[in-house]
>>> print(open('coords_27.pdb').read())   # PDB, C-alpha atoms
ATOM      1  CA  MET D   1       0.413 -31.710  -1.760
ATOM      2  CA  ILE D   2      -0.859 -31.947   1.831
ATOM      3  CA  LYS D   3       0.741 -28.586   2.542
ATOM      4  CA  ASN D   4      -1.046 -26.943  -0.392
ATOM      5  CA  SER D   5      -4.417 -28.407   0.527
ATOM      6  CA  LEU D   6      -3.960 -27.192   4.123
ATOM      7  CA  ILE D   7      -3.201 -23.680   2.861
ATOM      8  CA  ALA D   8      -6.308 -23.852   0.662
ATOM      9  CA  LEU D   9      -8.352 -25.006   3.653
ATOM     10  CA  VAL D  10      -7.140 -22.088   5.787
ATOM     11  CA  LEU D  11      -7.909 -19.641   2.967
ATOM     12  CA  ALA D  12     -11.369 -21.126   2.500
ATOM     13  CA  SER D  13     -12.130 -20.790   6.211
ATOM     14  CA  PHE D  14     -10.954 -17.157   6.092
ATOM     15  CA  VAL D  15     -13.277 -16.537   3.141
ATOM     16  CA  PHE D  16     -16.127 -18.128   5.084
ATOM     17  CA  MET D  17     -15.404 -16.025   8.187
ATOM     18  CA  PHE D  18     -15.089 -12.727   6.371
ATOM     19  CA  PHE D  19     -18.082 -13.441   4.139
ATOM     20  CA  HIS D  20     -20.133 -14.049   7.270
ATOM     21  CA  LEU D  21     -18.873 -10.807   8.837
ATOM     22  CA  TYR D  22     -19.554  -8.898   5.631
ATOM     23  CA  MET D  23     -23.098 -10.238   5.289
ATOM     24  CA  SER D  24     -23.966  -9.454   8.918
ATOM     25  CA  TYR D  25     -22.558  -5.909   8.728
ATOM     26  CA  GLU D  26     -25.076  -3.122   9.122
ATOM     27  CA  PRO D  27     -23.965   0.515   8.959
ATOM     28  CA  LYS D  28     -24.806   2.386  12.138
ATOM     29  CA  THR D  29     -27.143   5.327  11.745
ATOM     30  CA  GLU D  30     -26.269   6.983  15.060
ATOM     31  CA  LEU D  31     -23.261   7.238  17.375
ATOM     32  CA  SER D  32     -23.113   4.797  20.221
ATOM     33  CA  GLY D  33     -21.672   4.813  23.743
ATOM     34  CA  ILE D  34     -18.458   6.708  24.252
ATOM     35  CA  ALA D  35     -18.447   8.170  20.718
ATOM     36  CA  ALA D  36     -21.733   9.927  21.448
ATOM     37  CA  HIS D  37     -20.264  11.325  24.675
ATOM     38  CA  TYR D  38     -17.228  12.729  22.817
ATOM     39  CA  ALA D  39     -19.365  14.241  20.060
ATOM     40  CA  GLU D  40     -21.960  15.814  22.339
ATOM     41  CA  LYS D  41     -19.970  16.923  25.383
ATOM     42  CA  GLY D  42     -16.438  17.165  23.945
ATOM     43  CA  ALA D  43     -16.669  20.845  23.031
ATOM     44  CA  ALA D  44     -18.017  21.832  26.450
ATOM     45  CA  GLU D  45     -15.622  19.653  28.468
ATOM     46  CA  VAL D  46     -12.367  20.230  26.615
ATOM     47  CA  GLY D  47     -13.004  23.441  24.677
ATOM     48  CA  ALA D  48     -11.255  22.319  21.467
ATOM     49  CA  ALA D  49     -12.942  23.157  18.171
ATOM     50  CA  ASN D  50     -11.263  20.163  16.510
ATOM     51  CA  LEU D  51     -12.788  17.090  18.122
ATOM     52  CA  VAL D  52     -10.049  14.774  16.791
ATOM     53  CA  THR D  53      -7.475  16.759  18.757
ATOM     54  CA  ALA D  54      -9.667  16.673  21.865
ATOM     55  CA  VAL D  55      -9.702  12.870  21.680
ATOM     56  CA  VAL D  56      -6.017  12.466  20.766
ATOM     57  CA  VAL D  57      -4.552  14.857  23.351
ATOM     58  CA  THR D  58      -7.021  14.715  26.231
ATOM     59  CA  TYR D  59      -9.392  11.751  26.259
ATOM     60  CA  ARG D  60      -6.806   9.349  24.795
ATOM     61  CA  GLY D  61      -3.731  11.313  25.835
ATOM     62  CA  PHE D  62      -2.109   8.273  27.366
ATOM     63  CA  ASP D  63      -2.085   6.566  23.947
ATOM     64  CA  THR D  64      -0.372   9.634  22.522
ATOM     65  CA  ILE D  65       2.417   9.338  25.102
ATOM     66  CA  GLY D  66       2.842   5.743  23.961
ATOM     67  CA  GLU D  67       3.022   6.776  20.302
ATOM     68  CA  VAL D  68       5.594   9.467  21.036
ATOM     69  CA  THR D  69       7.649   6.909  22.990
ATOM     70  CA  ILE D  70       7.519   4.454  20.073
ATOM     71  CA  LEU D  71       8.776   7.159  17.707
ATOM     72  CA  PHE D  72      11.569   7.993  20.162
ATOM     73  CA  LEU D  73      12.572   4.319  20.339
ATOM     74  CA  THR D  74      12.565   4.082  16.537
ATOM     75  CA  ALA D  75      14.815   7.124  16.250
ATOM     76  CA  SER D  76      17.185   5.743  18.899
ATOM     77  CA  ILE D  77      17.402   2.312  17.266
ATOM     78  CA  ILE D  78      18.075   3.813  13.829
ATOM     79  CA  SER D  79      20.790   6.031  15.331
ATOM     80  CA  PHE D  80      22.285   2.983  17.009
ATOM     81  CA  PHE D  81      22.431   0.855  13.883
ATOM     82  CA  LEU D  82      23.590   3.593  11.509
ATOM     83  CA  LYS D  83      26.436   4.724  13.735
ATOM     84  CA  LEU D  84      29.509   5.592  11.686
ATOM     85  CA  SER D  85      33.039   4.557  12.503
ATOM     86  CA  LYS D  86      35.667   7.206  13.284
ATOM     87  CA  GLU D  87      37.307   7.229   9.829
ATOM     88  CA  ASP D  88      33.970   7.371   7.990
ATOM     89  CA  GLU D  89      32.907  10.357  10.078
ATOM     90  CA  ASP D  90      35.415  12.642   8.324
ATOM     91  CA  LYS D  91      34.491  11.653   4.758
ATOM     92  CA  VAL D  92      32.311  13.794   2.530
ATOM     93  CA  ILE D  93      29.400  12.544   0.462
ATOM     94  CA  VAL D  94      30.263  12.299  -3.216
ATOM     95  CA  HIS D  95      27.311  13.422  -5.308
ATOM     96  CA  ARG D  96      26.629  14.566  -8.839
ATOM     97  CA  GLY D  97      25.983  18.145  -7.793
ATOM     98  CA  THR D  98      22.692  19.793  -6.977
ATOM     99  CA  SER D  99      20.907  21.887  -9.560
ATOM    100  CA  GLU D 100      20.679  25.657  -9.309
ATOM    101  CA  LEU D 101      16.880  25.355  -9.327
ATOM    102  CA  LEU D 102      16.802  23.176  -6.207
ATOM    103  CA  ILE D 103      19.203  25.413  -4.266
ATOM    104  CA  THR D 104      17.314  28.627  -5.102
ATOM    105  CA  ALA D 105      13.904  27.084  -4.457
ATOM    106  CA  SER D 106      15.055  25.627  -1.156
ATOM    107  CA  GLN D 107      16.197  29.053   0.067
ATOM    108  CA  ILE D 108      12.704  30.435  -0.519
ATOM    109  CA  LEU D 109      10.676  27.376   0.489
ATOM    110  CA  ILE D 110      12.387  26.140   3.675
ATOM    111  CA  PRO D 111      11.295  29.085   5.899
ATOM    112  CA  ILE D 112       7.748  28.788   4.516
ATOM    113  CA  ILE D 113       7.643  25.028   5.168
ATOM    114  CA  PHE D 114       8.884  25.510   8.746
ATOM    115  CA  LEU D 115       6.319  28.252   9.297
ATOM    116  CA  PHE D 116       3.535  26.042   7.925
ATOM    117  CA  GLY D 117       4.601  23.162  10.184
ATOM    118  CA  ALA D 118       4.523  25.459  13.217
ATOM    119  CA  TYR D 119       1.123  26.769  12.100
ATOM    120  CA  VAL D 120      -0.249  23.227  11.804
ATOM    121  CA  PHE D 121       0.743  22.160  15.321
ATOM    122  CA  MET D 122      -0.095  25.458  17.023
ATOM    123  CA  ASN D 123      -3.586  25.423  15.503
ATOM    124  CA  GLY D 124      -4.061  21.714  16.180
ATOM    125  CA  HIS D 125      -7.046  22.418  18.433
ATOM    126  CA  LEU D 126      -8.788  24.545  15.784
ATOM    127  CA  THR D 127      -7.977  23.130  12.338
ATOM    128  CA  PRO D 128      -7.218  19.627  11.024
ATOM    129  CA  GLY D 129      -3.742  18.383  11.816
ATOM    130  CA  GLY D 130      -1.660  18.677  14.927
ATOM    131  CA  GLY D 131       1.621  17.684  16.503
ATOM    132  CA  PHE D 132       2.387  14.617  14.428
ATOM    133  CA  GLN D 133       1.459  16.206  11.107
ATOM    134  CA  GLY D 134       3.236  19.477  11.906
ATOM    135  CA  GLY D 135       6.344  17.586  13.001
ATOM    136  CA  ALA D 136       6.359  15.598   9.758
ATOM    137  CA  ILE D 137       6.015  18.830   7.741
ATOM    138  CA  ILE D 138       8.979  20.353   9.605
ATOM    139  CA  ALA D 139      10.976  17.210   8.884
ATOM    140  CA  SER D 140      10.144  17.549   5.184
ATOM    141  CA  GLY D 141      11.668  21.047   5.329
ATOM    142  CA  VAL D 142      14.811  19.463   6.771
ATOM    143  CA  VAL D 143      14.741  16.957   3.866
ATOM    144  CA  LEU D 144      14.674  19.813   1.350
ATOM    145  CA  SER D 145      17.654  21.477   3.001
ATOM    146  CA  ILE D 146      19.579  18.173   3.004
ATOM    147  CA  LEU D 147      18.726  17.589  -0.678
ATOM    148  CA  ALA D 148      19.896  21.073  -1.633
ATOM    149  CA  ASN D 149      23.175  20.670   0.231
ATOM    150  CA  PRO D 150      24.027  16.979   0.834
ATOM    151  CA  ASN D 151      27.066  17.767   2.991
ATOM    152  CA  ARG D 152      25.177  20.056   5.365
ATOM    153  CA  GLU D 153      25.888  19.359   9.030
ATOM    154  CA  ILE D 154      22.804  19.412  11.237
ATOM    155  CA  ASN D 155      23.466  20.670  14.746
ATOM    156  CA  HIS D 156      22.876  17.674  16.984
ATOM    157  CA  ASN D 157      22.834  19.647  20.219
ATOM    158  CA  VAL D 158      19.770  21.563  19.035
ATOM    159  CA  ILE D 159      17.942  18.341  18.089
ATOM    160  CA  ILE D 160      18.843  16.607  21.365
ATOM    161  CA  TRP D 161      17.789  19.543  23.552
ATOM    162  CA  VAL D 162      14.558  20.309  21.700
ATOM    163  CA  GLU D 163      13.608  16.624  21.762
ATOM    164  CA  SER D 164      14.394  16.038  25.445
ATOM    165  CA  ILE D 165      12.949  19.267  26.819
ATOM    166  CA  SER D 166       9.688  18.935  24.915
ATOM    167  CA  GLY D 167       9.339  15.289  25.979
ATOM    168  CA  VAL D 168       9.927  16.108  29.651
ATOM    169  CA  LEU D 169       7.595  19.130  29.568
ATOM    170  CA  PHE D 170       4.871  16.996  27.958
ATOM    171  CA  VAL D 171       4.951  14.560  30.883
ATOM    172  CA  ILE D 172       5.217  17.391  33.449
ATOM    173  CA  LEU D 173       2.114  19.055  31.971
ATOM    174  CA  GLY D 174       0.353  15.696  32.156
ATOM    175  CA  ILE D 175       1.269  15.306  35.839
ATOM    176  CA  LEU D 176       0.186  18.909  36.571
ATOM    177  CA  GLY D 177      -3.226  17.791  35.334
ATOM    178  CA  ILE D 178      -3.397  15.244  38.183
ATOM    179  CA  PHE D 179      -2.810  17.876  40.855
ATOM    180  CA  LEU D 180      -4.629  20.897  39.428
ATOM    181  CA  ALA D 181      -7.483  19.271  37.483
ATOM    182  CA  GLY D 182      -9.273  15.966  37.008
ATOM    183  CA  GLY D 183      -6.499  13.546  36.096
ATOM    184  CA  PHE D 184      -3.428  12.713  34.032
ATOM    185  CA  LEU D 185      -3.225  14.970  30.944
ATOM    186  CA  ASP D 186      -6.377  16.878  31.915
ATOM    187  CA  ASN D 187      -6.115  20.184  30.062
ATOM    188  CA  ARG D 188      -8.378  22.231  32.310
ATOM    189  CA  PHE D 189      -5.774  23.561  34.762
ATOM    190  CA  ILE D 190      -5.310  26.484  32.347
ATOM    191  CA  SER D 191      -8.541  28.391  31.714
ATOM    192  CA  LEU D 192     -10.432  27.061  28.691
ATOM    193  CA  GLY D 193     -10.825  30.542  27.210
ATOM    194  CA  GLU D 194     -13.217  31.447  24.452
ATOM    195  CA  PHE D 195     -14.204  28.546  22.173
ATOM    196  CA  GLY D 196     -12.379  28.819  18.840
ATOM    197  CA  ASP D 197      -9.622  31.262  19.899
ATOM    198  CA  LEU D 198      -5.929  30.501  19.387
ATOM    199  CA  PHE D 199      -5.372  30.653  23.160
ATOM    200  CA  SER D 200      -8.183  28.358  24.202
ATOM    201  CA  ALA D 201      -8.767  24.709  25.153
ATOM    202  CA  GLY D 202      -6.494  24.922  28.210
ATOM    203  CA  ALA D 203      -3.195  23.086  27.832
ATOM    204  CA  ILE D 204      -3.965  21.449  24.463
ATOM    205  CA  PRO D 205      -2.090  24.001  22.261
ATOM    206  CA  ILE D 206       0.969  23.809  24.537
ATOM    207  CA  ILE D 207       0.968  20.008  24.669
ATOM    208  CA  TYR D 208       0.443  19.678  20.905
ATOM    209  CA  SER D 209       3.208  22.196  20.171
ATOM    210  CA  LEU D 210       5.568  20.177  22.367
ATOM    211  CA  ILE D 211       4.568  16.973  20.552
ATOM    212  CA  GLY D 212       5.141  18.751  17.219
ATOM    213  CA  LEU D 213       8.647  19.876  18.208
ATOM    214  CA  LYS D 214       9.476  16.405  19.546
ATOM    215  CA  VAL D 215       8.240  14.587  16.438
ATOM    216  CA  GLY D 216       9.972  17.085  14.129
ATOM    217  CA  ALA D 217      13.275  16.679  15.981
ATOM    218  CA  GLU D 218      13.046  12.883  15.996
ATOM    219  CA  ILE D 219      12.220  12.495  12.296
ATOM    220  CA  SER D 220      14.902  15.053  11.394
ATOM    221  CA  ASN D 221      17.365  12.992  13.413
ATOM    222  CA  ILE D 222      16.379   9.803  11.542
ATOM    223  CA  LEU D 223      16.803  11.548   8.169
ATOM    224  CA  ASP D 224      20.138  12.999   9.231
ATOM    225  CA  LYS D 225      21.358   9.507  10.161
ATOM    226  CA  TYR D 226      20.323   8.133   6.752
ATOM    227  CA  GLN D 227      22.071  11.055   5.116
ATOM    228  CA  LYS D 228      25.278  10.458   7.116
ATOM    229  CA  SER D 229      25.193   6.751   6.253
ATOM    230  CA  GLN D 230      25.806   7.687   2.601
ATOM    231  CA  LYS D 231      29.367   8.633   3.592
ATOM    232  CA  GLU D 232      30.549   5.058   3.938
ATOM    233  CA  SER D 233      32.053   3.760   0.748
TER     234      SER D 233
ATOM    235  CA  MET I 234     -27.729  14.099  -5.743
ATOM    236  CA  ASN I 235     -25.698  15.112  -8.821
ATOM    237  CA  ASN I 236     -22.851  16.256  -6.566
ATOM    238  CA  GLU I 237     -22.784  12.930  -4.792
ATOM    239  CA  TYR I 238     -22.571  11.114  -8.148
ATOM    240  CA  ILE I 239     -19.478  13.129  -9.180
ATOM    241  CA  PHE I 240     -17.927  12.372  -5.796
ATOM    242  CA  ILE I 241     -18.407   8.624  -6.212
ATOM    243  CA  VAL I 242     -16.989   8.625  -9.757
ATOM    244  CA  LEU I 243     -13.971  10.646  -8.576
ATOM    245  CA  ALA I 244     -13.337   8.324  -5.638
ATOM    246  CA  ILE I 245     -13.557   5.189  -7.803
ATOM    247  CA  GLY I 246     -11.259   6.721 -10.428
ATOM    248  CA  ILE I 247      -8.600   7.652  -7.870
ATOM    249  CA  GLY I 248      -8.903   4.225  -6.254
ATOM    250  CA  LEU I 249      -8.364   2.484  -9.610
ATOM    251  CA  LEU I 250      -5.323   4.692 -10.336
ATOM    252  CA  ALA I 251      -3.913   3.795  -6.922
ATOM    253  CA  ILE I 252      -4.375   0.077  -7.665
ATOM    254  CA  VAL I 253      -2.639   0.463 -11.065
ATOM    255  CA  MET I 254       0.276   2.236  -9.373
ATOM    256  CA  ALA I 255       0.476  -0.476  -6.722
ATOM    257  CA  ILE I 256       0.683  -3.168  -9.448
ATOM    258  CA  ILE I 257       3.443  -1.154 -11.168
ATOM    259  CA  ALA I 258       5.270  -0.918  -7.834
ATOM    260  CA  ILE I 259       5.188  -4.701  -7.445
ATOM    261  CA  LEU I 260       5.913  -5.795 -11.003
ATOM    262  CA  ASN I 261       8.399  -3.208 -12.267
ATOM    263  CA  LYS I 262      11.921  -4.589 -12.545
ATOM    264  CA  LYS I 263      13.557  -1.201 -11.987
ATOM    265  CA  LEU I 264      13.577  -0.463  -8.249
ATOM    266  CA  SER I 265      13.627   3.339  -8.521
ATOM    267  CA  ILE I 266      10.426   3.300 -10.592
ATOM    268  CA  ALA I 267       8.843   0.910  -8.075
ATOM    269  CA  VAL I 268       9.683   3.268  -5.187
ATOM    270  CA  ILE I 269       8.196   6.260  -7.004
ATOM    271  CA  ALA I 270       5.067   4.246  -7.827
ATOM    272  CA  ALA I 271       4.690   3.327  -4.142
ATOM    273  CA  GLY I 272       4.942   7.027  -3.278
ATOM    274  CA  VAL I 273       2.238   7.842  -5.832
ATOM    275  CA  VAL I 274      -0.015   5.182  -4.245
ATOM    276  CA  SER I 275       0.318   7.090  -0.955
ATOM    277  CA  LEU I 276      -0.470  10.360  -2.706
ATOM    278  CA  PHE I 277      -3.681   8.954  -4.224
ATOM    279  CA  ALA I 278      -4.566   7.411  -0.860
ATOM    280  CA  SER I 279      -4.209  10.814   0.804
ATOM    281  CA  ILE I 280      -6.536  12.367  -1.791
ATOM    282  CA  LEU I 281      -9.038   9.596  -1.058
ATOM    283  CA  PHE I 282      -8.792  10.292   2.686
ATOM    284  CA  LEU I 283      -9.459  13.977   1.963
ATOM    285  CA  LEU I 284     -12.545  13.082  -0.098
ATOM    286  CA  MET I 285     -13.766  10.930   2.782
ATOM    287  CA  ALA I 286     -13.556  13.951   5.132
ATOM    288  CA  ALA I 287     -10.500  12.798   7.105
ATOM    289  CA  PRO I 288      -8.044  15.679   6.580
ATOM    290  CA  ASP I 289      -5.919  14.657   9.592
ATOM    291  CA  VAL I 290      -5.152  11.253   8.120
ATOM    292  CA  ALA I 291      -4.628  12.789   4.671
ATOM    293  CA  MET I 292      -1.938  15.161   5.994
ATOM    294  CA  THR I 293      -0.084  12.351   7.737
ATOM    295  CA  GLU I 294      -0.271  10.095   4.680
ATOM    296  CA  ALA I 295       0.969  12.838   2.334
ATOM    297  CA  ALA I 296       3.846  13.920   4.591
ATOM    298  CA  ILE I 297       5.066  10.507   5.754
ATOM    299  CA  GLY I 298       3.786   8.025   3.160
ATOM    300  CA  SER I 299       4.651   9.855  -0.020
ATOM    301  CA  GLY I 300       7.314  12.219   1.286
ATOM    302  CA  LEU I 301       9.620  10.856   3.945
ATOM    303  CA  SER I 302       9.358   7.105   3.319
ATOM    304  CA  THR I 303      10.035   7.536  -0.439
ATOM    305  CA  LEU I 304      13.163   9.485   0.439
ATOM    306  CA  ILE I 305      14.349   6.876   2.932
ATOM    307  CA  PHE I 306      13.815   4.160   0.289
ATOM    308  CA  PHE I 307      16.011   6.154  -2.073
ATOM    309  CA  TYR I 308      18.771   6.475   0.525
ATOM    310  CA  VAL I 309      18.729   2.727   1.096
ATOM    311  CA  LEU I 310      18.632   2.055  -2.662
ATOM    312  CA  ASN I 311      21.639   4.305  -3.174
ATOM    313  CA  LYS I 312      23.493   2.442  -0.455
ATOM    314  CA  ILE I 313      22.669  -0.967  -2.005
ATOM    315  CA  ASN I 314      23.813   0.218  -5.429
ATOM    316  CA  LYS I 315      27.120   1.373  -3.926
ATOM    317  CA  TYR I 316      27.711  -2.057  -2.410
ATOM    318  CA  ASN I 317      26.831  -3.849  -5.657
ATOM    319  CA  ASP I 318      29.302  -1.870  -7.776
TER     320      ASP I 318
END
>>> encode(input="coords_27.pdb", output="C-alpha cells")
Amino acid sequence: MIKNSLIALVLASFVFMFFHLYMSYEPKTELSGIAAHYAEKGAAEVGAANLVTAVVVTYRGFDTIGEVTILFLTASIISFFLKLSKEDEDKVIVHRGTSELLITASQILIPIIFLFGAYVFMNGHLTPGGGFQGGAIIASGVVLSILANPNREINHNVIIWVESISGVLFVILGILGIFLAGGFLDNRFISLGEFGDLFSAGAIPIIYSLIGLKVGAEISNILDKYQKSQKES
Amino acid sequence: MNNEYIFIVLAIGIGLLAIVMAIIAILNKKLSIAVIAAGVVSLFASILFLLMAAPDVAMTEAAIGSGLSTLIFFYVLNKINKYND
C-alpha cells in the first residue's frame, strides 16, 4: 500500500513538473546563438549545400567519431556473443526454400540498392542523407542477398579490410585538418570548390563516403552473424 | 491555408494509425504479428518525419527501424522457436 502511494506520488510530481514545463513553453520565432551562426555562415565556411551534413561532419565531427565507435563496439560485441563452435561452423541452415520470385528480384534489385546506397553517401553534402543512411541502405541490400540465398557465405576479409581502412582513413583525414587547416576534422584543407558541385565542400564527401563504407560493413557483419547463428540446432 | 489544413489532417491520420499499430504490437499474442506491427509503426513514423521536413531522420528510420531491426527480431524469434520445439 505504501509502495503504491509512493509510486502515485512520484507520478503526480512528474505530472506537475511536465505540466509546468508545458505551460511555460513558448515556440521560438528566430534562431538563437550557435544555431544562427550555423544557418547564416555555414554555407560560406564549410561549402556544403546540405547544412545537416555540415553540422554532422564538420562542426560536430567529433560526435560523429563517437557514434561510429559505438557502432563498431556493437558489431564487435555481437560477433563475440554469437561466435559459433567448431562443429556448428560446418552445418548448413535448414530452410523451407526460397521462392523463385525472391531470387529473381534479388538479382535485379541488389546492384540497384548498392548503387543507391553509394549515391546517398557520396551526395551527402548536397542532398538529404549521408554516411549512416547510405550504409544502412547498403546493409539492406546485403539482407536481400542473404534472404534469397540463406546459405550464402559473406567474405569476411572484405568486410574487415573495408571497415578498418575506412575507419583509419577517417581519423587520418581528421588529423590532417589540424595541420593543414583550422582544427580536428576541418574540411578546408582541400579546396572548397564551387558551391553545389559533387566535388565541393572540401573533405566532406570523402569523409562521409568513408563513414558510409564503415557503417555498411559493420551492419552487414552484424546481419551475417545473426544469419550464421541460425545454424546451431 | 487549404494546403496546410490537408497537411495537418494527413499528419494526424498517420499518427493515429501508428498508435493503433503500436497497440497491436503490444497486445497481440502472436509474436510474428507483433514484430511486423512494430515495423509498420517505424514506417509510419518515417512518413511523419518526411512530412515534418526531416528527410535525413526519415531515411534512417525507414532503413533501420522498419528494415533491419524487424529482420533481426525475426532471426531471434526463429532461434527461440527452435529451442522451444
>>> resolve_selection(input="coords_27.pdb", expression="the PyMOL selection byres ((chain I) within 9 of (chain D))", output="compact mmCIF listing (two decimals) with C-alpha atoms, keeping the file's coordinate frame")
# COMPACT_ATOMS: atom_id res chain seq x y z
CA ALA I 287 -10.50 12.80 7.10
CA PRO I 288 -8.04 15.68 6.58
CA ASP I 289 -5.92 14.66 9.59
CA VAL I 290 -5.15 11.25 8.12
CA MET I 292 -1.94 15.16 5.99
CA THR I 293 -0.08 12.35 7.74
CA ALA I 296 3.85 13.92 4.59
CA ILE I 297 5.07 10.51 5.75
CA GLY I 300 7.31 12.22 1.29
CA LEU I 301 9.62 10.86 3.94
CA LEU I 304 13.16 9.48 0.44
CA ILE I 305 14.35 6.88 2.93
CA TYR I 308 18.77 6.48 0.52
CA VAL I 309 18.73 2.73 1.10
CA ASN I 311 21.64 4.30 -3.17
CA LYS I 312 23.49 2.44 -0.46
CA LYS I 315 27.12 1.37 -3.93
CA TYR I 316 27.71 -2.06 -2.41
>>> residues_around(input="coords_27.pdb", residues="His125 of chain D", least_positions_apart="6", cutoff="6 Å", atoms="all atoms listed in the file", output="mmCIF file with C-alpha atoms, keeping the file's coordinate frame")
data_model
loop_
_atom_site.group_PDB
_atom_site.id
_atom_site.type_symbol
_atom_site.label_atom_id
_atom_site.label_comp_id
_atom_site.auth_asym_id
_atom_site.auth_seq_id
_atom_site.Cartn_x
_atom_site.Cartn_y
_atom_site.Cartn_z
ATOM 1 C CA ALA D 48 -11.255 22.319 21.467
ATOM 2 C CA ALA D 49 -12.942 23.157 18.171
ATOM 3 C CA ASN D 50 -11.263 20.163 16.510
ATOM 4 C CA THR D 53 -7.475 16.759 18.757
#
>>> residues_around(input="coords_27.pdb", residues="Gly167 of chain D", least_positions_apart="6", cutoff="10 Å", atoms="only C-alpha atoms", output="list in words")
Ile65, Val68, Thr69, Phe72, Trp161, Ile207, Leu210, Ile211, Leu213, Lys214 and Val215 of chain D
>>> axis_aligned_box(input="coords_27.pdb", around="segment 155-172 of chain D", padding_each_side="6 Å", output="AutoDock Vina command-line options")
--center_x 14.2 --center_y 18.1 --center_z 24.1 --size_x 30.6 --size_y 19.0 --size_z 30.7
>>> residues_around(input="coords_27.pdb", residues="Ile190 of chain D", least_positions_apart="6", cutoff="12 Å", atoms="all atoms listed in the file", output="list in words")
Val46, Gly47, Leu173, Leu176, Gly177, Leu180, Ala181, Phe199, Ser200, Ala201, Gly202, Ala203, Ile204, Pro205, Ile206 and Ile207 of chain D
>>> atom_distance(input="coords_27.pdb", atom1="atom CA of Gly66 of chain D", atom2="atom CA of Ile172 of chain D")
15.2 Å
>>> resolve_selection(input="coords_27.pdb", expression="the PyMOL selection byres ((chain D and resi 100-105) around 9)", output="PyMOL selection string")
chain D and resi 98-99+106-110+144-145+147-149
>>> resolve_selection(input="coords_27.pdb", expression="the PyMOL selection byres ((chain I and resi 253-260) around 8)", output="mmCIF file with C-alpha atoms, keeping the file's coordinate frame")
data_model
loop_
_atom_site.group_PDB
_atom_site.id
_atom_site.type_symbol
_atom_site.label_atom_id
_atom_site.label_comp_id
_atom_site.auth_asym_id
_atom_site.auth_seq_id
_atom_site.Cartn_x
_atom_site.Cartn_y
_atom_site.Cartn_z
ATOM 1 C CA LEU I 249 -8.364 2.484 -9.610
ATOM 2 C CA LEU I 250 -5.323 4.692 -10.336
ATOM 3 C CA ALA I 251 -3.913 3.795 -6.922
ATOM 4 C CA ILE I 252 -4.375 0.077 -7.665
ATOM 5 C CA ASN I 261 8.399 -3.208 -12.267
ATOM 6 C CA LYS I 262 11.921 -4.589 -12.545
ATOM 7 C CA ILE I 266 10.426 3.300 -10.592
ATOM 8 C CA ALA I 267 8.843 0.910 -8.075
ATOM 9 C CA VAL I 268 9.683 3.268 -5.187
ATOM 10 C CA ILE I 269 8.196 6.260 -7.004
ATOM 11 C CA ALA I 270 5.067 4.246 -7.827
ATOM 12 C CA ALA I 271 4.690 3.327 -4.142
ATOM 13 C CA VAL I 273 2.238 7.842 -5.832
ATOM 14 C CA VAL I 274 -0.015 5.182 -4.245
#
>>> residues_around(input="coords_27.pdb", residues="Ser275 of chain I", least_positions_apart="4", cutoff="8 Å", atoms="only C-alpha atoms", output="MDAnalysis selection string")
chainID I and resid 271 279 294:295 298:299
>>> atom_distance(input="coords_27.pdb", atom1="atom CA of Ile146 of chain D", atom2="atom CA of Ala291 of chain I")
24.9 Å
>>> atom_distance(input="coords_27.pdb", atom1="atom CA of Gly131 of chain D", atom2="atom CA of Val56 of chain D")
10.2 Å
>>> closest_residue(input="coords_27.pdb", among="D:Leu9, D:Val120, D:Val57, D:Ile2", to="Leu185 of chain D", atoms="only C-alpha atoms")
D:Val57
>>> closest_residue(input="coords_27.pdb", among="D:Pro150, D:Gly33, D:Gly183, D:Pro111", to="Lys228 of chain D", atoms="only C-alpha atoms")
D:Pro150
>>> closest_residue(input="coords_27.pdb", among="D:Arg96, D:Arg60, D:Lys225, D:Lys28", to="His156 of chain D", atoms="all atoms listed in the file")
D:Lys225
